[in-house]
Amino acid sequence: ELSLGDVMAAPADFVDADVQITTKVKQVCQKKGCFFVAQQGEHLVRVSFKDYSFFVPTDISGKTVTLHGQLVAHEMTEEQAAHFNADAGDSNAFKAGPRCEIVAVSVRVPLDS
């Protein structure tokens, strides 16, 4: 199992690879939980869900989750950045340009105690 820091320290080594990562959730799409921003230290990565097939609760910011998915590299357009910023409720969360994203097939969210 990897941390987000492990993956983002050498993203080229992990692009298109299956990864299992434990990470903290910085923020979640407030419209319906269709993506979240994972954070470890200065590393921030958008996590989406394969084929838009599931969502996460919108109130899990600050929780540590374990996800399984694939790291993909892509170019984020200005329009995509604006759309994601609106959904996240943070006008500075996403910037246009080359980015890595994790496309998750599962996310394990801990139950509240």
# chains A, B, ... in the order shown; residues from 1 in each chain; ligands from 1
>>> select_by_dssp(residues="region 4-96 of chain A", states="strand (DSSP E)", output="ChimeraX atom specification")
/A:18-28,35-40,43-49,64-76
>>> residues_around(residues="Gly89 (chain A)", least_positions_apart="3", cutoff="10 Å", atoms="only C-alpha atoms", output="VMD selection string")
chain A and resid 27 to 31 83 to 86 92 to 93
>>> write_last_selection(atoms="all heavy atoms", output="PDB file, in the first residue's frame")
ATOM      1  N   GLN A  27     -11.137  17.941   0.210  1.00  0.00           N
ATOM      2  CA  GLN A  27     -12.468  18.471  -0.065  1.00  0.00           C
ATOM      3  C   GLN A  27     -13.195  17.543  -1.032  1.00  0.00           C
ATOM      4  O   GLN A  27     -12.563  16.796  -1.772  1.00  0.00           O
ATOM      5  CB  GLN A  27     -12.413  19.894  -0.592  1.00  0.00           C
ATOM      6  CG  GLN A  27     -11.694  20.069  -1.905  1.00  0.00           C
ATOM      7  CD  GLN A  27     -11.399  21.518  -2.214  1.00  0.00           C
ATOM      8  OE1 GLN A  27     -10.259  21.863  -2.411  1.00  0.00           O
ATOM      9  NE2 GLN A  27     -12.398  22.361  -2.274  1.00  0.00           N
ATOM     10  N   VAL A  28     -14.517  17.622  -1.000  1.00  0.00           N
ATOM     11  CA  VAL A  28     -15.372  16.754  -1.808  1.00  0.00           C
ATOM     12  C   VAL A  28     -16.285  17.624  -2.651  1.00  0.00           C
ATOM     13  O   VAL A  28     -16.734  18.686  -2.205  1.00  0.00           O
ATOM     14  CB  VAL A  28     -16.242  15.855  -0.890  1.00  0.00           C
ATOM     15  CG1 VAL A  28     -17.150  14.950  -1.712  1.00  0.00           C
ATOM     16  CG2 VAL A  28     -15.372  15.028   0.040  1.00  0.00           C
ATOM     17  N   CYS A  29     -16.594  17.163  -3.865  1.00  0.00           N
ATOM     18  CA  CYS A  29     -17.600  17.836  -4.684  1.00  0.00           C
ATOM     19  C   CYS A  29     -18.872  17.951  -3.861  1.00  0.00           C
ATOM     20  O   CYS A  29     -19.409  16.953  -3.388  1.00  0.00           O
ATOM     21  CB  CYS A  29     -17.875  17.037  -5.951  1.00  0.00           C
ATOM     22  SG  CYS A  29     -19.322  17.624  -6.856  1.00  0.00           S
ATOM     23  N   GLN A  30     -19.354  19.160  -3.678  1.00  0.00           N
ATOM     24  CA  GLN A  30     -20.521  19.390  -2.839  1.00  0.00           C
ATOM     25  C   GLN A  30     -21.835  19.195  -3.578  1.00  0.00           C
ATOM     26  O   GLN A  30     -22.888  19.189  -2.963  1.00  0.00           O
ATOM     27  CB  GLN A  30     -20.452  20.783  -2.204  1.00  0.00           C
ATOM     28  CG  GLN A  30     -19.338  20.916  -1.177  1.00  0.00           C
ATOM     29  CD  GLN A  30     -19.498  19.913  -0.041  1.00  0.00           C
ATOM     30  OE1 GLN A  30     -20.438  19.993   0.734  1.00  0.00           O
ATOM     31  NE2 GLN A  30     -18.590  18.948   0.044  1.00  0.00           N
ATOM     32  N   LYS A  31     -21.778  19.015  -4.894  1.00  0.00           N
ATOM     33  CA  LYS A  31     -23.019  18.774  -5.634  1.00  0.00           C
ATOM     34  C   LYS A  31     -23.540  17.373  -5.387  1.00  0.00           C
ATOM     35  O   LYS A  31     -24.710  17.184  -5.130  1.00  0.00           O
ATOM     36  CB  LYS A  31     -22.812  19.019  -7.119  1.00  0.00           C
ATOM     37  CG  LYS A  31     -22.599  20.492  -7.406  1.00  0.00           C
ATOM     38  CD  LYS A  31     -22.876  20.821  -8.825  1.00  0.00           C
ATOM     39  CE  LYS A  31     -22.727  22.327  -8.977  1.00  0.00           C
ATOM     40  NZ  LYS A  31     -23.290  22.807 -10.185  1.00  0.00           N
ATOM     41  N   HIS A  83     -15.152  24.388 -13.991  1.00  0.00           N
ATOM     42  CA  HIS A  83     -16.236  23.477 -13.602  1.00  0.00           C
ATOM     43  C   HIS A  83     -15.905  22.770 -12.287  1.00  0.00           C
ATOM     44  O   HIS A  83     -16.731  22.734 -11.366  1.00  0.00           O
ATOM     45  CB  HIS A  83     -16.468  22.459 -14.722  1.00  0.00           C
ATOM     46  CG  HIS A  83     -17.448  21.391 -14.385  1.00  0.00           C
ATOM     47  ND1 HIS A  83     -18.801  21.566 -14.493  1.00  0.00           N
ATOM     48  CD2 HIS A  83     -17.259  20.136 -13.929  1.00  0.00           C
ATOM     49  CE1 HIS A  83     -19.409  20.459 -14.124  1.00  0.00           C
ATOM     50  NE2 HIS A  83     -18.496  19.568 -13.773  1.00  0.00           N
ATOM     51  N   PHE A  84     -14.702  22.228 -12.171  1.00  0.00           N
ATOM     52  CA  PHE A  84     -14.306  21.517 -10.952  1.00  0.00           C
ATOM     53  C   PHE A  84     -14.232  22.465  -9.762  1.00  0.00           C
ATOM     54  O   PHE A  84     -14.620  22.113  -8.648  1.00  0.00           O
ATOM     55  CB  PHE A  84     -12.978  20.796 -11.136  1.00  0.00           C
ATOM     56  CG  PHE A  84     -13.005  19.703 -12.182  1.00  0.00           C
ATOM     57  CD1 PHE A  84     -11.876  19.416 -12.912  1.00  0.00           C
ATOM     58  CD2 PHE A  84     -14.153  18.968 -12.421  1.00  0.00           C
ATOM     59  CE1 PHE A  84     -11.882  18.408 -13.866  1.00  0.00           C
ATOM     60  CE2 PHE A  84     -14.179  17.958 -13.376  1.00  0.00           C
ATOM     61  CZ  PHE A  84     -13.030  17.677 -14.099  1.00  0.00           C
ATOM     62  N   ASN A  85     -13.748  23.683  -9.982  1.00  0.00           N
ATOM     63  CA  ASN A  85     -13.686  24.667  -8.897  1.00  0.00           C
ATOM     64  C   ASN A  85     -15.087  25.013  -8.399  1.00  0.00           C
ATOM     65  O   ASN A  85     -15.307  25.139  -7.195  1.00  0.00           O
ATOM     66  CB  ASN A  85     -12.945  25.922  -9.352  1.00  0.00           C
ATOM     67  CG  ASN A  85     -11.450  25.708  -9.435  1.00  0.00           C
ATOM     68  OD1 ASN A  85     -10.890  24.869  -8.744  1.00  0.00           O
ATOM     69  ND2 ASN A  85     -10.794  26.467 -10.298  1.00  0.00           N
ATOM     70  N   ALA A  86     -16.037  25.156  -9.326  1.00  0.00           N
ATOM     71  CA  ALA A  86     -17.417  25.454  -8.926  1.00  0.00           C
ATOM     72  C   ALA A  86     -17.997  24.300  -8.120  1.00  0.00           C
ATOM     73  O   ALA A  86     -18.625  24.511  -7.080  1.00  0.00           O
ATOM     74  CB  ALA A  86     -18.273  25.739 -10.161  1.00  0.00           C
ATOM     75  N   ASN A  92      -9.870  28.248  -6.265  1.00  0.00           N
ATOM     76  CA  ASN A  92      -8.435  28.070  -6.490  1.00  0.00           C
ATOM     77  C   ASN A  92      -7.980  26.622  -6.422  1.00  0.00           C
ATOM     78  O   ASN A  92      -6.787  26.347  -6.462  1.00  0.00           O
ATOM     79  CB  ASN A  92      -7.641  28.880  -5.463  1.00  0.00           C
ATOM     80  CG  ASN A  92      -7.865  30.360  -5.646  1.00  0.00           C
ATOM     81  OD1 ASN A  92      -7.775  30.863  -6.762  1.00  0.00           O
ATOM     82  ND2 ASN A  92      -8.177  31.053  -4.574  1.00  0.00           N
ATOM     83  N   ALA A  93      -8.888  25.674  -6.307  1.00  0.00           N
ATOM     84  CA  ALA A  93      -8.495  24.268  -6.129  1.00  0.00           C
ATOM     85  C   ALA A  93      -7.839  23.691  -7.384  1.00  0.00           C
ATOM     86  O   ALA A  93      -6.900  22.915  -7.281  1.00  0.00           O
ATOM     87  CB  ALA A  93      -9.696  23.426  -5.727  1.00  0.00           C
TER      88      ALA A  93
END
>>> closest_residue(among="A:Cys34, A:Ala17, A:Leu67, A:Ala96", to="Gln80 (chain A)", atoms="only C-alpha atoms")
A:Ala96
>>> closest_residue(among="A:Glu1, A:Arg108, A:Glu79, A:His43", to="Asp18 (chain A)", atoms="only C-alpha atoms")
A:Glu1
>>> residues_around(residues="Ser53 (chain A)", least_positions_apart="4", cutoff="12 Å", atoms="only C-alpha atoms", output="MDAnalysis selection string")
chainID A and resid 33:35 48:49 103:107
>>> write_last_selection(atoms="C-alpha atoms", output="PDB file, in the first residue's frame")
ATOM      1  CA  GLY A  33     -19.745  13.590  -4.144  1.00  0.00           C
ATOM      2  CA  CYS A  34     -18.660  12.716  -7.685  1.00  0.00           C
ATOM      3  CA  PHE A  35     -14.989  13.508  -6.969  1.00  0.00           C
ATOM      4  CA  SER A  48     -12.699  10.660  -9.770  1.00  0.00           C
ATOM      5  CA  PHE A  49     -14.610   7.400 -10.013  1.00  0.00           C
ATOM      6  CA  VAL A 103      -9.523   7.203 -11.350  1.00  0.00           C
ATOM      7  CA  ALA A 104     -10.730   5.050  -8.466  1.00  0.00           C
ATOM      8  CA  VAL A 105     -12.599   1.760  -8.707  1.00  0.00           C
ATOM      9  CA  SER A 106     -13.187   1.705  -4.946  1.00  0.00           C
ATOM     10  CA  VAL A 107     -12.881   4.003  -1.944  1.00  0.00           C
TER      11      VAL A 107
END
>>> select_by_dssp(residues="chain A", states="helix (DSSP H, G or I)", output="ChimeraX atom specification")
/A:4-9,11-13,50-52,78-88
>>> residues_around(residues="Gly5 (chain A)", least_positions_apart="3", cutoff="9 Å", atoms="only C-alpha atoms", output="tab-separated table (two decimals) with all heavy atoms, in the first residue's frame")
chain	number	residue	atom	x	y	z
A	2	LEU	N	0.51	2.21	-0.80
A	2	LEU	CA	1.29	3.43	-0.98
A	2	LEU	C	0.60	4.62	-0.33
A	2	LEU	O	-0.61	4.60	-0.10
A	2	LEU	CB	1.44	3.73	-2.47
A	2	LEU	CG	2.11	2.69	-3.34
A	2	LEU	CD1	1.83	2.96	-4.81
A	2	LEU	CD2	3.60	2.67	-3.07
A	8	MET	N	3.11	10.70	-5.81
A	8	MET	CA	3.36	12.01	-6.42
A	8	MET	C	4.82	12.42	-6.38
A	8	MET	O	5.22	13.34	-7.08
A	8	MET	CB	2.47	13.07	-5.76
A	8	MET	CG	0.98	12.81	-5.98
A	8	MET	SD	0.53	12.40	-7.69
A	8	MET	CE	0.96	13.91	-8.54
A	9	ALA	N	5.64	11.72	-5.61
A	9	ALA	CA	7.08	12.00	-5.63
A	9	ALA	C	7.70	11.55	-6.96
A	9	ALA	O	8.70	12.11	-7.40
A	9	ALA	CB	7.78	11.29	-4.46
A	10	ALA	N	7.09	10.55	-7.60
A	10	ALA	CA	7.58	10.05	-8.90
A	10	ALA	C	6.38	9.61	-9.74
A	10	ALA	O	6.23	8.43	-10.04
A	10	ALA	CB	8.55	8.90	-8.68
A	23	THR	N	-4.93	8.02	1.92
A	23	THR	CA	-4.76	9.47	1.82
A	23	THR	C	-5.85	10.20	2.58
A	23	THR	O	-6.90	9.64	2.87
A	23	THR	CB	-4.77	9.91	0.33
A	23	THR	OG1	-4.47	11.30	0.25
A	23	THR	CG2	-6.10	9.63	-0.33
A	39	GLN	N	-5.12	14.84	-0.38
A	39	GLN	CA	-3.97	15.66	0.00
A	39	GLN	C	-3.06	14.90	0.95
A	39	GLN	O	-3.51	14.23	1.86
A	39	GLN	CB	-4.42	16.94	0.68
A	39	GLN	CG	-3.25	17.82	1.10
A	39	GLN	CD	-3.68	19.13	1.70
A	39	GLN	OE1	-4.76	19.26	2.25
A	39	GLN	NE2	-2.83	20.12	1.59
A	40	GLN	N	-1.77	15.03	0.68
A	40	GLN	CA	-0.74	14.64	1.63
A	40	GLN	C	0.35	15.69	1.51
A	40	GLN	O	0.97	15.83	0.45
A	40	GLN	CB	-0.17	13.25	1.36
A	40	GLN	CG	0.85	12.87	2.42
A	40	GLN	CD	1.42	11.48	2.21
A	40	GLN	OE1	1.17	10.82	1.22
A	40	GLN	NE2	2.22	11.06	3.17
A	41	GLY	N	0.57	16.44	2.58
A	41	GLY	CA	1.54	17.53	2.52
A	41	GLY	C	1.16	18.50	1.43
A	41	GLY	O	0.02	18.94	1.33
A	42	GLU	N	2.12	18.81	0.56
A	42	GLU	CA	1.86	19.75	-0.53
A	42	GLU	C	1.23	19.08	-1.75
A	42	GLU	O	0.86	19.74	-2.71
A	42	GLU	CB	3.15	20.47	-0.94
A	42	GLU	CG	4.12	19.63	-1.73
A	42	GLU	CD	5.02	18.71	-0.91
A	42	GLU	OE1	4.89	18.64	0.32
A	42	GLU	OE2	5.85	18.02	-1.52
A	43	HIS	N	1.11	17.77	-1.74
A	43	HIS	CA	0.56	17.04	-2.87
A	43	HIS	C	-0.97	17.04	-2.84
A	43	HIS	O	-1.57	16.64	-1.85
A	43	HIS	CB	1.05	15.59	-2.88
A	43	HIS	CG	2.54	15.46	-2.94
A	43	HIS	ND1	3.27	15.82	-4.05
A	43	HIS	CD2	3.42	15.03	-2.02
A	43	HIS	CE1	4.54	15.60	-3.82
A	43	HIS	NE2	4.66	15.12	-2.59
>>> residues_around(residues="Lys63 (chain A)", least_positions_apart="3", cutoff="6 Å", atoms="only C-alpha atoms", output="PyMOL selection string")
chain A and resi 24-25+60
>>> write_last_selection(atoms="C-alpha atoms", output="compact mmCIF listing (two decimals), in the first residue's frame")
# COMPACT_ATOMS: atom_id res chain seq x y z
CA LYS A 24 -6.58 12.31 3.52
CA VAL A 25 -9.60 13.90 1.84
CA ILE A 60 -15.90 13.24 4.44
>>> closest_atom_pairs(of="region 36-113 of chain A", to="region 13-16 of chain A", cutoff="6 Å", atoms="only C-alpha atoms", output="CSV")
residue,atom,partner,partner_atom,distance
A:Gln70,CA,A:Asp16,CA,5.8
A:Leu71,CA,A:Val15,CA,4.9
A:Val72,CA,A:Val15,CA,5.3
>>> write_last_selection(atoms="N, CA, C and O atoms", output="PDB file, in the first residue's frame")
ATOM      1  N   GLN A  70      -6.331   3.900 -10.680  1.00  0.00           N
ATOM      2  CA  GLN A  70      -5.254   4.058 -11.642  1.00  0.00           C
ATOM      3  C   GLN A  70      -4.887   5.538 -11.757  1.00  0.00           C
ATOM      4  O   GLN A  70      -5.776   6.390 -11.838  1.00  0.00           O
ATOM      5  N   LEU A  71      -3.586   5.819 -11.748  1.00  0.00           N
ATOM      6  CA  LEU A  71      -3.104   7.185 -11.941  1.00  0.00           C
ATOM      7  C   LEU A  71      -3.069   7.462 -13.436  1.00  0.00           C
ATOM      8  O   LEU A  71      -2.501   6.677 -14.206  1.00  0.00           O
ATOM      9  N   VAL A  72      -3.715   8.550 -13.855  1.00  0.00           N
ATOM     10  CA  VAL A  72      -3.733   8.923 -15.263  1.00  0.00           C
ATOM     11  C   VAL A  72      -3.201  10.350 -15.408  1.00  0.00           C
ATOM     12  O   VAL A  72      -3.384  11.184 -14.530  1.00  0.00           O
TER      13      VAL A  72
END
>>> atom_distance(atom1="CA of Ala73 (chain A)", atom2="CA of Cys100 (chain A)")
4.4 Å
>>> closest_residue(among="A:Ala88, A:Arg46, A:Ala82, A:Gly62", to="Ile102 (chain A)", atoms="only C-alpha atoms")
A:Arg46
>>> closest_residue(among="A:Met76, A:Ala81, A:Val65, A:Val56", to="Val109 (chain A)", atoms="only C-alpha atoms")
A:Val65
>>> closest_residue(among="A:Arg99, A:Leu111, A:Glu78, A:Val45", to="Thr64 (chain A)", atoms="only C-alpha atoms")
A:Leu111
>>> atom_distance(atom1="CA of Lys26 (chain A)", atom2="CA of His68 (chain A)")
17.6 Å
>>> closest_residue(among="A:Asp112, A:Asp6, A:Asp59, A:Glu75", to="Phe36 (chain A)", atoms="only C-alpha atoms")
A:Asp59
>>> atom_distance(atom1="CA of Ile21 (chain A)", atom2="CA of Ser3 (chain A)")
5.2 Å
